[in-house]
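Novice: Got a structure for you, questions after.
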Amino acid sequence: MKGDHLGEFEELVLLAVSGLGHAAYGVSVQALLERETSRGVSLGAVYAALDRLETKGLLMSAIAPGAATRGGRSRRVFTATPMAAHTLETLRRLRERLYRGLATRPAQRHT
Amino acid sequence: MASVSPPRLGLALVRRLLPPHRRIEAEGDLIELWQLRRANGRRDLRLAFWRDAGSLIVHSRVAPSRTTRFNGGRDMLQDLRYTLRMIKRQPLFAGLVICTLTLGMAAAIAIFTVCDRVLMKPIPYPDPDRVLSVDDAGFDIVEGRIAVPVDIGSLHEFSSVGMWGSGGLNLGDEGTPLRVRAAGVSASFFPTMGVSPLRGRVFDPSDELANATVAVLGEDLWRGHFGADPGILGRAIRLNGRPFTILGVLPASATFPDDAEIWVPTYADRQIYGSAFKPRLVGRLAPGVRMDQASAAIARVSEDRRARESGSPAPNVTSLKDRLVGPVRPTLLFLAALVSVLLAATCANVASLVLARVRVRANEMMLRAALGASGARLARQVIVECIVFAGLGAVGGMALALGAMRTIAATVPEALLSGDVSIDIRLLVVCLVVVFVTALLFSLVPVLFSARAAVVLREGVTNTARLGWMRGTLVVIQIAAALVLLTGVSAAIGVVARLARVDLGFTNDQAAVFDLTLPRSRYADASSTSRVAGDLERAVAQLPSVTAVGLANLAPATTAIALGVPLTRADELPGSSRRADRVALIFDVTPGYFKALGIPLVAGRTFSADENRPSARVVMLAESAATLLWGSAQAAVGHQVRCPVTLHLPTAFKKGLLSGPSNDDVFEVVGVVRDVRLRGLTTNGSPQVYAPLAVAPPPGTIVLAVATSGDPATLFGPVQQQINGIDPDLPLYNRLLMRDLRGRFLAKQRLTLALAGAFGLVALALCAIAIYGVISQLVSQRTREIGIRLALGANPSRLQRGMVGSSLKLAAVGIAAGAGAAAGAARLIAGFVPDLDRPSLAAIALDAGLLVLVAVVAAWTPARRAAHVDPLQAVRGDVG
């Protein structure tokens, strides 16, 4: 890990890209996030997060040919780097530890 | 129902405001989202579109774009790739630059490093410039031991003061003993020098008693003779026939004084010093004390001492560093000057090569500037190029320098240069920085041109005439530098040639000399020494091929040491001769000595056989001593000199010698011989006085001079055999052939000369590269013109001559400048190196001729190319 902090939205974007596999690009990421979070997500915010994640070395991007639905314009396709998987795993474990702590505390209060 | 395609204005804005590499994807995404949402029947289609387009624009404005931000690694990599492509595209230019750098750096590094190693062994003691060396300070006797003079030892200017004297000892108890270089030192010597033992301990004050028999070994002797015996401490050895106990081992680097291999307490064995005990002092300055303060303090106490003891000389104070480095400093300065000139020539060469490409580069730079590259970006490209070239040059230079140094190390005698040759990092850094900065300065010229990019692109021309002129100047500088270097080499040749002609004073190339030490335990007085000397002489003379034999206390280049004694005319008042040049070296010789070494008689006669007896009152003088006292050699014969020839002998030896009133110091001069060079060709020795051996038989070291009708190299075995017949415990050592002596005296000068010659060759090569580069460039710049002239019927060979002529013009200007610079440099160098000859006009002319030849040869190939240009192609612009 580069040591850079991963924000909540960045984490969601990273999870979305990892989940989408090779089909992750601006539109698919935005659509997934809007569906799962049930809130409006701007394309600019998605790209801002994607760019930051790429700078942090968690994503790689490449240009792919575009379909007719985009007027034939090319897409920038993102894939997660091995470092991304490691980072996400670390974050998940951290969360789990913290949640376990939360679950045991009320029991202590009663004794 | 919303329209099929997204708002055109939005897409236009995105196209206009987003950076180029983002536009297409962003546009595609907006279109795709529009279609997707429309298919899903979203109502807020336009709102969502504008939100996305706006957020994309805002994001691209807020976040720095990838191209405008400095991306060190990636850009550098790009620059590096570009540079490598350039090298591939123009291998000649790159090759010449790298070749120049390699050659110049390798020569500068290798030659300087070797000279540095040969001339200046590293000083293995901490802060050598905080240690003072004091000669002629005398000594005191404290509680029965020889000690550092109390008045100097107690000075608060020093944190400690040590005493030393050097000489040799016979090491071993069975078979043939080994002769080792030895030093007698006080206990305080080691802490003063800052040496700590590798094993065991060094002396402490309890070891300083006159009967102390302890010794400290050097690491080399410990490894070489004792096989690095781990149980060496406490082991008993025999030195000059007496048992000694080993206390410790010193590290191999600590060989002060005089490459000592073994250290014993100051007065453990008097024979160590030969016939003279002349202790010297070393003192480490106390913290905060300056050298001049300490010198003043010593001068003060020695004034008092000299007032008490009339006749003691004034002490001579130098820093230890100066003492060790001083004699070679002029040569080092001379070589440093050569290295600087060579580096300057290298820089001029690189600069002229770089400038040659300015025209091409300027166009390229202007184009890039016009396409939006910033000045800093272009400068960075140039810097990367310089790093690549300097790096490649440095790698090549280091490899070549290492190879050259190995070759040099393999060819010079090991005594001059030990196996360890490594590159001096400081020198490498200096070379790299100088060359890099030069290349950088000149590489930035095209960047400056690019500042006027717009104007030039519009007008399509660029004026590089001034650059051509600059380049010419650089070539001129280079030729001038080469001439200065060559003149320096000529001067060095002059020195060696002159030294090779110096009269050594002995002429018999068929002679060999050997040293041997008579142990005091068996030869304790004058009569036993005289007797064994006579026996030795007779025994060796019996060998069939031997034509002459002589014995002496001293001979050229041997390790024997003689004491200076005052020398006056007998009719002069005593005490009027306390001048340094009246201190004479006493040679105690047998009559055969002069014949054996072939020392020519200048006036009078040599000793007769019956004059070799204790009561003889005859001496012989060397020419300079005779001239000093009576004005000429002839005038000295028959006169009397006053000279205490037995002054240096130990008391036991004086019994039966010159007993009587003080006029026993008066001797008649019976003959005058040529002066003999003892230590080297450049040093003029003290006046020399010869006395019959029996008058003052040398205690300790004795020199055997043997002349043969056969090969003197084969003498050693038979002579040793003859000696074994008299005393099997007398090893011969330091065997020396007289015919090798001149070479031995000249070894360092010859090496310096060979290396200086290498400097000259490299400078010539650099000149050739530069001239070749300039003329090549000239040809390719004028290809079109040449083509037209050829098409109009110009004579190709005349064209070729014209090209060579341009090169000669540059050479002429360079030679004129170089001759002036060489004369100036000679005057400057003469200040540092007094022995160096002024370069003669003939030598300068010869060197200039050499440079002209190089100019013609270097210009020939490109000039030939010019003469063979195909006019049609040239006019079309396909050549060049």
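Following the order of the structure tokens, chains are lettered A, B, ..., residues in each are numbered from 1, and ligands are numbered from 1.
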Could you write out as a list in words the residues of chain A within 6 Å of chain B, counting only C-alpha atoms?
Specialist: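 The contacting residues on chain A are Val27, Ser42, Leu43, Gly44, Thr69, Arg70, Arg73, Ser74 and Arg75 of chain A.
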Novice: Write the residues you've just listed into a file as a compact mmCIF listing (two decimals), in the first residue's frame, and include N, CA and C atoms for each of them.
Specialist:
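Contents of the output file again30.txt:
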```
# COMPACT_ATOMS: atom_id res chain seq x y z
N VAL A 27 -18.93 4.52 -17.35
CA VAL A 27 -20.37 4.36 -17.34
C VAL A 27 -20.79 3.17 -16.48
N SER A 42 -22.25 11.49 -9.83
CA SER A 42 -21.88 12.17 -11.08
C SER A 42 -20.69 11.48 -11.74
N LEU A 43 -20.67 11.55 -13.08
CA LEU A 43 -19.58 10.93 -13.84
C LEU A 43 -18.24 11.55 -13.46
N GLY A 44 -18.24 12.88 -13.23
CA GLY A 44 -17.00 13.57 -12.85
C GLY A 44 -16.43 13.02 -11.56
N THR A 69 -23.26 2.19 -29.38
CA THR A 69 -24.08 3.00 -28.47
C THR A 69 -23.35 4.26 -28.03
N ARG A 70 -22.02 4.30 -28.18
CA ARG A 70 -21.26 5.49 -27.79
C ARG A 70 -20.80 6.24 -29.02
N ARG A 73 -17.08 5.82 -30.07
CA ARG A 73 -15.96 6.46 -29.35
C ARG A 73 -15.32 5.48 -28.37
N SER A 74 -14.01 5.56 -28.24
CA SER A 74 -13.27 4.59 -27.43
C SER A 74 -13.60 4.75 -25.95
N ARG A 75 -13.31 3.67 -25.18
CA ARG A 75 -13.56 3.69 -23.74
C ARG A 75 -12.23 3.59 -23.02
```
Novice: Might you pull out every residue within 12 Å of Ala31 of chain A, with only C-alpha atoms counted and same-chain residues fewer than 5 positions away left off, and present them as a list in words?
Specialist: Val13, Ala16, Val17, Leu20, Ala24, Tyr25, Gly26, Glu36, Thr37, Ser38, Arg39, Gly40, Val41, Ser42, Leu43 and Val46 of chain A; Asp29, Glu32, Leu33, Leu36 and Arg37 of chain B
Novice: Can I get the selected residues back with C-alpha atoms, as a compact mmCIF listing (two decimals), in the first residue's frame?
Specialist:
```txt
# COMPACT_ATOMS: atom_id res chain seq x y z
CA VAL A 13 -15.27 2.72 -6.69
CA ALA A 16 -17.03 -1.70 -8.14
CA VAL A 17 -14.05 -1.96 -10.53
CA LEU A 20 -16.92 -5.61 -12.72
CA ALA A 24 -15.15 -1.58 -15.70
CA TYR A 25 -15.23 1.83 -17.32
CA GLY A 26 -16.78 5.19 -16.40
CA GLU A 36 -26.26 -0.29 -5.25
CA THR A 37 -26.22 2.98 -3.25
CA SER A 38 -29.58 4.25 -4.58
CA ARG A 39 -28.19 7.72 -4.88
CA GLY A 40 -27.05 9.94 -7.73
CA VAL A 41 -23.40 9.69 -8.61
CA SER A 42 -21.88 12.17 -11.08
CA LEU A 43 -19.58 10.93 -13.84
CA VAL A 46 -16.40 8.68 -10.64
CA ASP B 29 -19.47 8.05 -21.91
CA GLU B 32 -23.73 6.09 -23.88
CA LEU B 33 -25.30 7.34 -20.63
CA LEU B 36 -28.99 4.19 -21.49
CA ARG B 37 -31.08 6.62 -19.48
```
Novice: Report the distance between atom CA of Asp79 of chain B and atom CA of Ala106 of chain B in Å, rounded to one decimal place.
Specialist: 27.4 Å
Novice: I'd like to know which residues of segment 102-246 of chain B are strand (DSSP E or B) (by DSSP, run on the backbone); could you write them as a PDB file with N, CA and C atoms, in the first residue's frame?
Specialist:
```pdb
ATOM      1  N   VAL B 131      51.761  15.989  13.293  1.00  0.00           N
ATOM      2  CA  VAL B 131      52.969  15.381  13.860  1.00  0.00           C
ATOM      3  C   VAL B 131      54.183  16.108  13.288  1.00  0.00           C
ATOM      4  N   LEU B 132      55.063  16.557  14.161  1.00  0.00           N
ATOM      5  CA  LEU B 132      56.277  17.244  13.714  1.00  0.00           C
ATOM      6  C   LEU B 132      57.433  16.275  13.755  1.00  0.00           C
ATOM      7  N   SER B 133      58.327  16.424  12.781  1.00  0.00           N
ATOM      8  CA  SER B 133      59.539  15.630  12.782  1.00  0.00           C
ATOM      9  C   SER B 133      60.688  16.585  13.090  1.00  0.00           C
ATOM     10  N   VAL B 134      61.517  16.241  14.082  1.00  0.00           N
ATOM     11  CA  VAL B 134      62.597  17.139  14.498  1.00  0.00           C
ATOM     12  C   VAL B 134      63.920  16.401  14.356  1.00  0.00           C
ATOM     13  N   ASP B 135      64.800  16.932  13.502  1.00  0.00           N
ATOM     14  CA  ASP B 135      66.137  16.356  13.354  1.00  0.00           C
ATOM     15  C   ASP B 135      67.132  17.197  14.147  1.00  0.00           C
ATOM     16  N   ASP B 140      69.007  13.092  25.563  1.00  0.00           N
ATOM     17  CA  ASP B 140      69.475  13.152  26.948  1.00  0.00           C
ATOM     18  C   ASP B 140      69.656  11.734  27.462  1.00  0.00           C
ATOM     19  N   ILE B 141      70.434  11.607  28.527  1.00  0.00           N
ATOM     20  CA  ILE B 141      70.552  10.307  29.187  1.00  0.00           C
ATOM     21  C   ILE B 141      69.869  10.449  30.537  1.00  0.00           C
ATOM     22  N   VAL B 142      68.768   9.720  30.685  1.00  0.00           N
ATOM     23  CA  VAL B 142      68.003   9.823  31.920  1.00  0.00           C
ATOM     24  C   VAL B 142      67.988   8.452  32.571  1.00  0.00           C
ATOM     25  N   ARG B 145      69.280   5.635  30.533  1.00  0.00           N
ATOM     26  CA  ARG B 145      68.746   5.318  29.212  1.00  0.00           C
ATOM     27  C   ARG B 145      68.791   6.538  28.303  1.00  0.00           C
ATOM     28  N   ILE B 146      68.902   6.235  27.039  1.00  0.00           N
ATOM     29  CA  ILE B 146      68.815   7.289  26.029  1.00  0.00           C
ATOM     30  C   ILE B 146      67.365   7.765  26.025  1.00  0.00           C
ATOM     31  N   ALA B 147      67.179   9.060  26.138  1.00  0.00           N
ATOM     32  CA  ALA B 147      65.803   9.535  26.220  1.00  0.00           C
ATOM     33  C   ALA B 147      65.619  10.783  25.375  1.00  0.00           C
ATOM     34  N   PHE B 158      53.403  19.949  22.959  1.00  0.00           N
ATOM     35  CA  PHE B 158      53.250  18.597  22.419  1.00  0.00           C
ATOM     36  C   PHE B 158      52.456  17.720  23.391  1.00  0.00           C
ATOM     37  N   SER B 159      51.611  16.856  22.817  1.00  0.00           N
ATOM     38  CA  SER B 159      50.929  15.914  23.697  1.00  0.00           C
ATOM     39  C   SER B 159      51.839  14.711  23.962  1.00  0.00           C
ATOM     40  N   SER B 160      52.709  14.375  23.000  1.00  0.00           N
ATOM     41  CA  SER B 160      53.728  13.365  23.285  1.00  0.00           C
ATOM     42  C   SER B 160      54.868  13.517  22.288  1.00  0.00           C
ATOM     43  N   VAL B 161      56.056  13.100  22.707  1.00  0.00           N
ATOM     44  CA  VAL B 161      57.242  13.193  21.850  1.00  0.00           C
ATOM     45  C   VAL B 161      57.922  11.830  21.852  1.00  0.00           C
ATOM     46  N   GLY B 162      58.239  11.321  20.650  1.00  0.00           N
ATOM     47  CA  GLY B 162      58.909  10.030  20.546  1.00  0.00           C
ATOM     48  C   GLY B 162      60.259  10.187  19.868  1.00  0.00           C
ATOM     49  N   MET B 163      61.106   9.168  20.016  1.00  0.00           N
ATOM     50  CA  MET B 163      62.445   9.225  19.434  1.00  0.00           C
ATOM     51  C   MET B 163      62.632   8.021  18.528  1.00  0.00           C
ATOM     52  N   TRP B 164      63.354   8.203  17.437  1.00  0.00           N
ATOM     53  CA  TRP B 164      63.618   7.056  16.571  1.00  0.00           C
ATOM     54  C   TRP B 164      64.940   7.200  15.851  1.00  0.00           C
ATOM     55  N   GLY B 165      65.485   6.051  15.466  1.00  0.00           N
ATOM     56  CA  GLY B 165      66.635   6.007  14.578  1.00  0.00           C
ATOM     57  C   GLY B 165      66.451   4.768  13.737  1.00  0.00           C
ATOM     58  N   SER B 166      66.987   4.748  12.502  1.00  0.00           N
ATOM     59  CA  SER B 166      66.725   3.570  11.678  1.00  0.00           C
ATOM     60  C   SER B 166      68.009   2.955  11.166  1.00  0.00           C
ATOM     61  N   GLY B 167      67.907   1.706  10.805  1.00  0.00           N
ATOM     62  CA  GLY B 167      69.066   0.969  10.311  1.00  0.00           C
ATOM     63  C   GLY B 167      68.671  -0.452   9.990  1.00  0.00           C
ATOM     64  N   GLY B 168      69.527  -1.427  10.302  1.00  0.00           N
ATOM     65  CA  GLY B 168      69.197  -2.809   9.983  1.00  0.00           C
ATOM     66  C   GLY B 168      69.738  -3.765  11.030  1.00  0.00           C
ATOM     67  N   LEU B 169      69.143  -4.967  11.066  1.00  0.00           N
ATOM     68  CA  LEU B 169      69.578  -5.998  12.017  1.00  0.00           C
ATOM     69  C   LEU B 169      69.633  -7.345  11.291  1.00  0.00           C
ATOM     70  N   ASN B 170      70.483  -8.241  11.815  1.00  0.00           N
ATOM     71  CA  ASN B 170      70.478  -9.618  11.308  1.00  0.00           C
ATOM     72  C   ASN B 170      69.487 -10.418  12.142  1.00  0.00           C
ATOM     73  N   LEU B 171      68.491 -10.990  11.470  1.00  0.00           N
ATOM     74  CA  LEU B 171      67.473 -11.755  12.186  1.00  0.00           C
ATOM     75  C   LEU B 171      67.699 -13.241  11.931  1.00  0.00           C
ATOM     76  N   LEU B 178      68.723 -13.420   8.290  1.00  0.00           N
ATOM     77  CA  LEU B 178      68.039 -12.538   7.348  1.00  0.00           C
ATOM     78  C   LEU B 178      68.324 -11.098   7.759  1.00  0.00           C
ATOM     79  N   ARG B 179      68.619 -10.271   6.781  1.00  0.00           N
ATOM     80  CA  ARG B 179      68.863  -8.869   7.086  1.00  0.00           C
ATOM     81  C   ARG B 179      67.528  -8.138   7.051  1.00  0.00           C
ATOM     82  N   VAL B 180      67.158  -7.486   8.121  1.00  0.00           N
ATOM     83  CA  VAL B 180      65.860  -6.787   8.129  1.00  0.00           C
ATOM     84  C   VAL B 180      66.087  -5.306   8.429  1.00  0.00           C
ATOM     85  N   ARG B 181      65.197  -4.483   7.871  1.00  0.00           N
ATOM     86  CA  ARG B 181      65.262  -3.045   8.167  1.00  0.00           C
ATOM     87  C   ARG B 181      64.682  -2.833   9.562  1.00  0.00           C
ATOM     88  N   ALA B 182      65.429  -2.172  10.397  1.00  0.00           N
ATOM     89  CA  ALA B 182      65.030  -2.064  11.789  1.00  0.00           C
ATOM     90  C   ALA B 182      65.000  -0.612  12.229  1.00  0.00           C
ATOM     91  N   ALA B 183      64.259  -0.364  13.285  1.00  0.00           N
ATOM     92  CA  ALA B 183      64.230   0.972  13.865  1.00  0.00           C
ATOM     93  C   ALA B 183      64.355   0.837  15.369  1.00  0.00           C
ATOM     94  N   GLY B 184      65.141   1.733  15.951  1.00  0.00           N
ATOM     95  CA  GLY B 184      65.199   1.815  17.399  1.00  0.00           C
ATOM     96  C   GLY B 184      64.300   2.964  17.816  1.00  0.00           C
ATOM     97  N   VAL B 185      63.327   2.685  18.656  1.00  0.00           N
ATOM     98  CA  VAL B 185      62.359   3.734  18.996  1.00  0.00           C
ATOM     99  C   VAL B 185      62.113   3.782  20.496  1.00  0.00           C
ATOM    100  N   ARG B 199      48.618  -7.113  17.157  1.00  0.00           N
ATOM    101  CA  ARG B 199      48.622  -8.145  18.196  1.00  0.00           C
ATOM    102  C   ARG B 199      49.574  -7.709  19.296  1.00  0.00           C
ATOM    103  N   GLY B 200      49.320  -8.208  20.474  1.00  0.00           N
ATOM    104  CA  GLY B 200      50.244  -7.952  21.585  1.00  0.00           C
ATOM    105  C   GLY B 200      50.276  -6.483  21.966  1.00  0.00           C
ATOM    106  N   VAL B 214      63.652  -6.637  23.802  1.00  0.00           N
ATOM    107  CA  VAL B 214      62.291  -6.898  23.322  1.00  0.00           C
ATOM    108  C   VAL B 214      62.155  -6.289  21.934  1.00  0.00           C
ATOM    109  N   ALA B 215      61.233  -6.807  21.154  1.00  0.00           N
ATOM    110  CA  ALA B 215      61.066  -6.316  19.784  1.00  0.00           C
ATOM    111  C   ALA B 215      59.598  -6.377  19.376  1.00  0.00           C
ATOM    112  N   VAL B 216      59.241  -5.482  18.432  1.00  0.00           N
ATOM    113  CA  VAL B 216      57.905  -5.497  17.844  1.00  0.00           C
ATOM    114  C   VAL B 216      58.084  -5.757  16.356  1.00  0.00           C
ATOM    115  N   LEU B 217      57.310  -6.710  15.816  1.00  0.00           N
ATOM    116  CA  LEU B 217      57.454  -7.067  14.405  1.00  0.00           C
ATOM    117  C   LEU B 217      56.477  -6.274  13.544  1.00  0.00           C
ATOM    118  N   GLY B 218      56.837  -6.092  12.272  1.00  0.00           N
ATOM    119  CA  GLY B 218      55.886  -5.580  11.301  1.00  0.00           C
ATOM    120  C   GLY B 218      55.061  -6.751  10.781  1.00  0.00           C
ATOM    121  N   ALA B 236      61.016 -16.192  21.360  1.00  0.00           N
ATOM    122  CA  ALA B 236      62.369 -15.641  21.368  1.00  0.00           C
ATOM    123  C   ALA B 236      62.948 -15.691  19.965  1.00  0.00           C
ATOM    124  N   ILE B 237      63.593 -14.608  19.540  1.00  0.00           N
ATOM    125  CA  ILE B 237      64.284 -14.583  18.247  1.00  0.00           C
ATOM    126  C   ILE B 237      65.692 -14.071  18.503  1.00  0.00           C
ATOM    127  N   ARG B 238      66.576 -14.190  17.516  1.00  0.00           N
ATOM    128  CA  ARG B 238      67.930 -13.658  17.683  1.00  0.00           C
ATOM    129  C   ARG B 238      68.122 -12.500  16.726  1.00  0.00           C
ATOM    130  N   LEU B 239      68.571 -11.386  17.279  1.00  0.00           N
ATOM    131  CA  LEU B 239      68.868 -10.213  16.455  1.00  0.00           C
ATOM    132  C   LEU B 239      70.335  -9.877  16.677  1.00  0.00           C
ATOM    133  N   ARG B 242      71.928 -11.802  19.404  1.00  0.00           N
ATOM    134  CA  ARG B 242      71.464 -11.766  20.796  1.00  0.00           C
ATOM    135  C   ARG B 242      69.988 -12.116  20.856  1.00  0.00           C
ATOM    136  N   PRO B 243      69.557 -12.762  21.970  1.00  0.00           N
ATOM    137  CA  PRO B 243      68.147 -13.163  22.040  1.00  0.00           C
ATOM    138  C   PRO B 243      67.231 -11.973  22.359  1.00  0.00           C
ATOM    139  N   PHE B 244      66.125 -11.909  21.662  1.00  0.00           N
ATOM    140  CA  PHE B 244      65.108 -10.875  21.880  1.00  0.00           C
ATOM    141  C   PHE B 244      63.747 -11.554  22.033  1.00  0.00           C
ATOM    142  N   THR B 245      62.834 -10.909  22.764  1.00  0.00           N
ATOM    143  CA  THR B 245      61.490 -11.453  22.924  1.00  0.00           C
ATOM    144  C   THR B 245      60.498 -10.591  22.137  1.00  0.00           C
ATOM    145  N   ILE B 246      59.604 -11.236  21.413  1.00  0.00           N
ATOM    146  CA  ILE B 246      58.635 -10.474  20.610  1.00  0.00           C
ATOM    147  C   ILE B 246      57.448 -10.076  21.484  1.00  0.00           C
TER     148      ILE B 246
END
```
Novice: In Å, rounded to a single decimal, give me how far atom CA of Pro591 of chain B is from atom CA of Glu611 of chain B.
Specialist: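 Going from atom CA of Glu611 of chain B over to atom CA of Pro591 of chain B, I get 8.4 Å.
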Novice: Determine which residues of segment 53-92 of chain A DSSP labels as alpha helix (DSSP H) from the backbone of this structure, then write them out as a ChimeraX atom specification.
Specialist: /A:53-55,82-92
Novice: Give me, please, the distance in Å between atom CA of Val619 of chain B and atom CA of Ala635 of chain B, quoted to one decimal.
Specialist: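 These atoms are spaced 14.7 Å apart.
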Novice: With only C-alpha atoms as the counted atoms, please give the residues lying no more than 12 Å from Gln478 of chain B, apart from itself and same-chain residues fewer than 6 positions off, as a PyMOL selection string.
Specialist: chain B and resi 341-352+471-472+484-485+762-771+810-811+813-815+817-818+821+851+855
Novice: May I have the residues from that selection written out with C-alpha atoms, as a short mmCIF file (atom, residue, chain, number, x, y, z; two decimals), in the first residue's frame?
Specialist:
```cif
data_model
loop_
_atom_site.label_atom_id
_atom_site.label_comp_id
_atom_site.auth_asym_id
_atom_site.auth_seq_id
_atom_site.Cartn_x
_atom_site.Cartn_y
_atom_site.Cartn_z
CA VAL B 341 45.80 20.50 -19.37
CA LEU B 342 44.65 17.10 -20.58
CA LEU B 343 41.23 17.57 -18.99
CA ALA B 344 41.02 21.01 -20.57
CA ALA B 345 41.80 19.46 -23.94
CA THR B 346 39.14 16.80 -23.37
CA CYS B 347 36.60 19.46 -22.46
CA ALA B 348 37.48 21.57 -25.48
CA ASN B 349 37.07 18.48 -27.62
CA VAL B 350 33.66 17.59 -26.22
CA ALA B 351 32.57 21.20 -26.52
CA SER B 352 33.64 21.45 -30.14
CA ARG B 471 34.23 25.77 -32.68
CA GLY B 472 37.33 26.84 -34.51
CA VAL B 484 51.81 22.56 -24.01
CA LEU B 485 51.52 18.89 -23.03
CA VAL B 762 46.42 10.98 -25.63
CA ALA B 763 46.56 14.71 -26.30
CA LEU B 764 47.57 14.01 -29.88
CA ALA B 765 44.70 11.54 -30.26
CA LEU B 766 42.27 14.11 -28.89
CA CYS B 767 43.57 16.69 -31.35
CA ALA B 768 43.12 14.25 -34.20
CA ILE B 769 39.52 13.57 -33.11
CA ALA B 770 38.77 17.29 -32.86
CA ILE B 771 40.26 18.18 -36.24
CA LEU B 810 43.55 26.03 -37.31
CA ALA B 811 46.70 24.09 -36.45
CA VAL B 813 46.87 29.40 -34.89
CA GLY B 814 46.80 26.68 -32.21
CA ILE B 815 50.55 26.16 -32.43
CA ALA B 817 48.99 30.11 -29.09
CA GLY B 818 50.44 26.88 -27.67
CA ALA B 821 51.37 29.16 -23.43
CA LEU B 851 50.79 18.43 -34.52
CA ALA B 855 46.19 17.96 -38.52
#
```
Novice: List the spatial neighbours of segment 604-606 of chain B as a VMD selection string - criterion: any atom at most 7 Å away, only C-alpha atoms, same-chain residues fewer than 5 positions off excluded.
Specialist: chain B and resid 591 637 670 to 672
Novice: I need the residue nearest Ala492 of chain B from this list: B:Ala754, B:Val669, B:Val202, B:Ala307. Use only C-alpha atoms for the distance.
Specialist: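 Using only C-alpha atoms, the shortest distance to Ala492 of chain B belongs to B:Ala754.
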Novice: Contacts of Gly19 of chain A at 10 Å or less, counting only C-alpha atoms, minus same-chain residues fewer than 6 places along, as an MDAnalysis selection string?
Specialist: chainID A and resid 13 29 32 79:80
Novice: Output N, CA and C atoms for every residue in the selection just made, as an mmCIF file, in the first residue's frame.
Specialist:
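Saved the output as result06.cif:
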```cif
data_model
loop_
_atom_site.group_PDB
_atom_site.id
_atom_site.type_symbol
_atom_site.label_atom_id
_atom_site.label_comp_id
_atom_site.auth_asym_id
_atom_site.auth_seq_id
_atom_site.Cartn_x
_atom_site.Cartn_y
_atom_site.Cartn_z
ATOM 1 N N VAL A 13 -15.654 2.771 -5.270
ATOM 2 C CA VAL A 13 -15.274 2.718 -6.687
ATOM 3 C C VAL A 13 -14.334 1.546 -6.925
ATOM 4 N N VAL A 29 -19.181 1.680 -14.026
ATOM 5 C CA VAL A 29 -18.923 1.932 -12.610
ATOM 6 C C VAL A 29 -20.004 2.837 -12.044
ATOM 7 N N LEU A 32 -23.336 0.936 -11.667
ATOM 8 C CA LEU A 32 -23.304 -0.008 -10.553
ATOM 9 C C LEU A 32 -23.469 0.717 -9.226
ATOM 10 N N THR A 79 -8.737 -1.772 -14.689
ATOM 11 C CA THR A 79 -8.639 -3.065 -14.000
ATOM 12 C C THR A 79 -7.921 -2.825 -12.671
ATOM 13 N N ALA A 80 -8.279 -3.652 -11.685
ATOM 14 C CA ALA A 80 -7.637 -3.505 -10.373
ATOM 15 C C ALA A 80 -6.269 -4.181 -10.394
#
```
Novice: May I ask which of the residues B:Leu281, B:Ala616, B:Ala314, B:Leu715 is the closest one to Pro544 of chain B, counting only C-alpha atoms?
Specialist: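 Closest to Pro544 of chain B of all the choices is B:Leu715.
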